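Peer 1: Below: one structure in structure tokens.
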Amino acid sequence: MDKQWQEIDLFAKQAIKEAGRKIIDSFDEVLKIQTKSNVNDLVTNMDKQIEKFFVEKIALEYPDHRVLGEEGYGDNVNDMKGTVWIIDPIDGTMNFVHQQRNFAVSIGIFHEGEGMLGYIYDVVADELYHAGKGNGAYLNDKKLPALNDVPLEEAIMSLNATWLVPNRKVDHEIFVSLVHRVRGTRSYGSAAIELAYIAAGRLDGYITMRLSPWDFAGGKVLIEEVGGLVTDLNGNELSMVNNSPVFAGNRAVHERVLNEYLKK
Ligand code: 2AM
Ligand code: CA
């Protein structure tokens, strides 16, 4: 990474840590909770406050960068020209509200469509996952090793129970047979945390039917730096400006699930 990107990296890390402190401090206050697209799609005053914090800070330091943020305080981003910060101020808002854990700040910084920097900050665990293109991925100060190719029979897959019962998005029988095959399943309720766990080798695969770019932008940079894959359910490249089903994993699990389950 050249000097300019090292500076952006330092600035981003400091901003993320500051956001984390604001979130922790908010645990003592009463949250204002609203719903968005449906009664279970939650947003709080903190989601909004934290996104505004990033948008304002970035505008001061890097006025030519654009921000695509979940809560809409950034720019109206329809393409990936120039430098774009893709931000989810709180990923896993339901966990944030109900559990005060298992949520994360997620940021991907893209330049001309290329993922340059990626961050996922599990605030309560104080685990900052970060990666720079060509520079590897780290958990706090520890470099994450390249992902092992795990056999499907020994894989832990992350999958929400929603997709194992009849639903409008996908044939649930595919996932029933996959769940029988793998060693175990988990679901954390924050796409960013599941992607960070794949980068750290704690999970081997993650499949979900409906994510937005701010849910996966940071995780994509992280996982690619340790040799894993983040694609749609056909193995195709994800768009950074559209919603999509997402399938992430180490290479072996990705290839086998794709060929033996998803493409069948
Ligand atoms: P969020 O908490 O930032 O909304 C599990 O529900 C995961 O899917 C979370 O990471 C959540 O992110 C995301 N998610 C929930 N509803 C979503 C929606 N309507 N569109 C995109 N992502 C969603
Ligand atoms: Ca969010």
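Scheme for the structure tokens: letters A, B, ... for chains in order shown; per-chain residue numbers from 1; ligand numbers from 1 in order shown.
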List all protein, DNA and RNA residues that have any atom at most 7 Å from ligand 2, counting only C-alpha atoms and all ligand atoms, and write the list as a PDB file with N, CA, C and O atoms, in the first residue's frame.
Peer 2:
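Result went into out-v7.pdb, see below:
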```pdb
ATOM      1  N   ASP A  47     -27.711   3.981  15.083  1.00  0.00           N
ATOM      2  CA  ASP A  47     -27.359   3.685  13.680  1.00  0.00           C
ATOM      3  C   ASP A  47     -27.186   5.008  12.914  1.00  0.00           C
ATOM      4  O   ASP A  47     -26.226   5.195  12.164  1.00  0.00           O
ATOM      5  N   GLU A  70     -25.890   2.874   4.834  1.00  0.00           N
ATOM      6  CA  GLU A  70     -27.213   2.246   4.935  1.00  0.00           C
ATOM      7  C   GLU A  70     -28.307   3.253   5.281  1.00  0.00           C
ATOM      8  O   GLU A  70     -29.411   3.179   4.757  1.00  0.00           O
ATOM      9  N   ASP A  88     -21.769   0.398   6.872  1.00  0.00           N
ATOM     10  CA  ASP A  88     -22.892   0.022   7.728  1.00  0.00           C
ATOM     11  C   ASP A  88     -22.508   0.419   9.154  1.00  0.00           C
ATOM     12  O   ASP A  88     -21.621  -0.196   9.751  1.00  0.00           O
ATOM     13  N   PRO A  89     -23.152   1.466   9.694  1.00  0.00           N
ATOM     14  CA  PRO A  89     -22.739   1.956  11.017  1.00  0.00           C
ATOM     15  C   PRO A  89     -22.949   0.912  12.101  1.00  0.00           C
ATOM     16  O   PRO A  89     -22.127   0.783  13.008  1.00  0.00           O
ATOM     17  N   ILE A  90     -24.055   0.174  12.013  1.00  0.00           N
ATOM     18  CA  ILE A  90     -24.295  -0.955  12.932  1.00  0.00           C
ATOM     19  C   ILE A  90     -24.897  -2.086  12.112  1.00  0.00           C
ATOM     20  O   ILE A  90     -26.028  -1.995  11.644  1.00  0.00           O
ATOM     21  N   ASP A  91     -24.121  -3.149  11.904  1.00  0.00           N
ATOM     22  CA  ASP A  91     -24.644  -4.323  11.226  1.00  0.00           C
ATOM     23  C   ASP A  91     -25.068  -5.321  12.302  1.00  0.00           C
ATOM     24  O   ASP A  91     -24.286  -5.650  13.189  1.00  0.00           O
ATOM     25  N   GLY A  92     -26.327  -5.783  12.192  1.00  0.00           N
ATOM     26  CA  GLY A  92     -26.868  -6.627  13.269  1.00  0.00           C
ATOM     27  C   GLY A  92     -27.614  -5.764  14.274  1.00  0.00           C
ATOM     28  O   GLY A  92     -27.473  -5.935  15.482  1.00  0.00           O
ATOM     29  N   THR A  93     -28.432  -4.865  13.769  1.00  0.00           N
ATOM     30  CA  THR A  93     -29.144  -3.938  14.671  1.00  0.00           C
ATOM     31  C   THR A  93     -30.076  -4.691  15.624  1.00  0.00           C
ATOM     32  O   THR A  93     -30.234  -4.306  16.780  1.00  0.00           O
TER      33      THR A  93
END
```
Peer 1: From the DSSP assignment of the backbone, select every residue of segment 21-249 of chain A that is strand (DSSP E or B), and format the answer as a ChimeraX atom specification.
Peer 2: /A:33-35,42-44,66-69,83-91,104-111,114-122,127-132,136-139,142-143,156-159,184-186,205-211,229-231,244-249
Peer 1: Identify, on the basis of only C-alpha atoms, every residue whose closest approach to Asn135 of chain A does not exceed 8 Å; exclude the query and any residue fewer than 2 positions from it along the same chain; express the result as a PyMOL selection string.
Peer 2: chain A and resi 1+131-133+137+225
Peer 1: Within 9 Å of segment 76-86 of chain A, counting only C-alpha atoms, which residues qualify if same-chain residues fewer than 4 places away don't, as a PyMOL selection string?
Peer 2: chain A and resi 58+64-70+72+106-114+213-215+217-218+240-242
Peer 1: Quick one: residues within 9 Å of ligand 1, with only C-alpha atoms and all ligand atoms, as a ChimeraX atom specification?
Peer 2: /A:36-38,40-43,47,70,88-96,103-106,160,187-194,208-216,243-244
Peer 1: Would you output that residue set with C-alpha atoms, as a compact mmCIF listing (two decimals), in the first residue's frame?
Peer 2:
```
# COMPACT_ATOMS: atom_id res chain seq x y z
CA LYS A 36 -37.95 0.35 8.37
CA SER A 37 -39.08 -2.04 5.60
CA ASN A 38 -40.96 -4.33 8.05
CA ASN A 40 -38.42 -6.72 12.30
CA ASP A 41 -36.19 -4.36 10.28
CA LEU A 42 -34.94 -2.13 13.09
CA VAL A 43 -33.08 1.15 13.14
CA ASP A 47 -27.36 3.68 13.68
CA GLU A 70 -27.21 2.25 4.93
CA ASP A 88 -22.89 0.02 7.73
CA PRO A 89 -22.74 1.96 11.02
CA ILE A 90 -24.30 -0.96 12.93
CA ASP A 91 -24.64 -4.32 11.23
CA GLY A 92 -26.87 -6.63 13.27
CA THR A 93 -29.14 -3.94 14.67
CA MET A 94 -31.54 -6.56 16.04
CA ASN A 95 -28.67 -7.99 18.11
CA PHE A 96 -27.63 -4.49 19.15
CA PHE A 103 -23.14 -6.42 16.06
CA ALA A 104 -20.38 -4.68 14.14
CA VAL A 105 -19.33 -1.54 12.32
CA SER A 106 -18.57 -2.52 8.72
CA ASN A 160 -30.11 -18.52 9.10
CA SER A 187 -26.06 -18.17 12.82
CA TYR A 188 -24.88 -14.95 14.45
CA GLY A 189 -27.39 -12.46 13.05
CA SER A 190 -24.81 -10.02 11.71
CA ALA A 191 -23.60 -10.57 8.15
CA ALA A 192 -20.45 -8.58 8.91
CA ILE A 193 -19.55 -10.78 11.87
CA GLU A 194 -20.18 -13.96 9.86
CA THR A 208 -27.74 -15.69 2.86
CA MET A 209 -30.42 -14.58 0.46
CA ARG A 210 -30.65 -10.86 0.91
CA LEU A 211 -27.82 -8.48 1.64
CA SER A 212 -26.99 -4.92 0.69
CA PRO A 213 -23.53 -3.68 -0.33
CA TRP A 214 -22.92 -2.19 3.15
CA ASP A 215 -23.48 -5.67 4.65
CA PHE A 216 -20.71 -7.29 2.58
CA ASN A 243 -28.66 -5.97 -3.18
CA SER A 244 -27.83 -9.64 -3.70
```
Peer 1: My list of candidates is A:Gly118, A:Gly134, A:Gly228, A:Pro145. Which is closest to Val253 of chain A when distances are computed with only C-alpha atoms?
Peer 2: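 Of A:Gly118, A:Gly134, A:Gly228, A:Pro145, the one nearest Val253 of chain A is A:Gly228, counting only C-alpha atoms.
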Peer 1: Apply DSSP to the structure's backbone, then extract all residues of segment 14-253 of chain A labelled helix (DSSP H, G or I) and return them as a PyMOL selection string.
Peer 2: chain A and resi 14-26+45-61+93-99+152-154+161-164+172-181+191-199+213-225+251-253
Peer 1: Fewer than 4 positions away in the same chain doesn't count, so skip those; otherwise give me all residues within 12 Å of Asn234 of chain A, counting only C-alpha atoms, as a list in words.
Peer 2: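 Selected residues are Ile207, Val230, Leu238, Ser244, Pro245, Val246, Phe247, Ala248, His254, Glu255, Val257, Leu258, Asn259, Glu260, Tyr261, Leu262, Lys263 and Lys264 of chain A.
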Peer 1: Find, counting only C-alpha atoms, the residue in A:His98, A:Lys220, A:Arg181, A:Arg186 that gets nearest to Gly115 of chain A.
Peer 2: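 Ranking A:His98, A:Lys220, A:Arg181, A:Arg186 by distance to Gly115 of chain A, first place goes to A:Lys220.
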Peer 1: For Thr185 of chain A, which residue among A:Ser158, A:Phe53, A:Asp171, A:Trp163 is the nearest when counting only C-alpha atoms?
Peer 2: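 So, comparing all the options, the nearest one is A:Ser158.
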Peer 1: Got a sec: who's within 8 Å of Tyr73 of chain A, counting only C-alpha atoms, leaving out chain neighbours fewer than 5 positions off, as a ChimeraX atom specification?
Peer 2: /A:51-52,55
Peer 1: Would you mind telling me which residue in A:Glu71, A:Asp141, A:Glu224, A:Asp126 lies nearest to Gly20 of chain A when using only C-alpha atoms?
Peer 2: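 Of the candidates, the smallest distance to Gly20 of chain A is held by A:Asp126.
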Peer 1: Compile the contact shell of Arg256 of chain A as a PyMOL selection string: residues with an atom at most 12 Å away, counting only C-alpha atoms, same-chain residues fewer than 6 positions apart removed.
Peer 2: chain A and resi 149-153+155+178+181-182+204-205+235+249-250+262-264
Peer 1: Create the file for the chosen residues now, containing C-alpha atoms and written as a short mmCIF file (atom, residue, chain, number, x, y, z; two decimals), in the first residue's frame.
Peer 2:
```cif
data_model
loop_
_atom_site.label_atom_id
_atom_site.label_comp_id
_atom_site.auth_asym_id
_atom_site.auth_seq_id
_atom_site.Cartn_x
_atom_site.Cartn_y
_atom_site.Cartn_z
CA ASP A 149 -9.37 -25.81 2.31
CA VAL A 150 -11.78 -27.56 4.64
CA PRO A 151 -13.65 -30.71 3.47
CA LEU A 152 -17.43 -30.16 3.46
CA GLU A 153 -17.88 -32.93 6.03
CA ALA A 155 -17.12 -27.49 7.62
CA LEU A 178 -26.50 -29.23 2.88
CA ARG A 181 -23.83 -32.94 5.12
CA VAL A 182 -21.71 -30.42 7.04
CA ASP A 204 -16.06 -22.15 6.59
CA GLY A 205 -19.04 -20.83 4.66
CA GLY A 235 -20.39 -17.84 -8.11
CA GLY A 249 -16.33 -19.29 2.10
CA ASN A 250 -12.90 -20.79 1.81
CA LEU A 262 -26.40 -24.36 -5.67
CA LYS A 263 -25.79 -25.01 -9.38
CA LYS A 264 -27.75 -28.29 -9.44
#
```
Peer 1: How many Å separate atom CA of Ser177 of chain A from atom CA of Ala161 of chain A?
Peer 2: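 Between atom CA of Ser177 of chain A and atom CA of Ala161 of chain A the gap is 13.4 Å.
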Peer 1: Just how far from atom CA of Val39 of chain A is atom CA of Leu195 of chain A, in Å to one decimal?
Peer 2: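 We find that atom CA of Leu195 of chain A and atom CA of Val39 of chain A lie 25.5 Å from each other.
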Peer 1: A:Glu154, A:Glu29, A:Glu127, A:Glu18: which is nearest Ala252 of chain A, counting only C-alpha atoms?
Peer 2: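 Under the stated criterion, the closest residue is A:Glu154.
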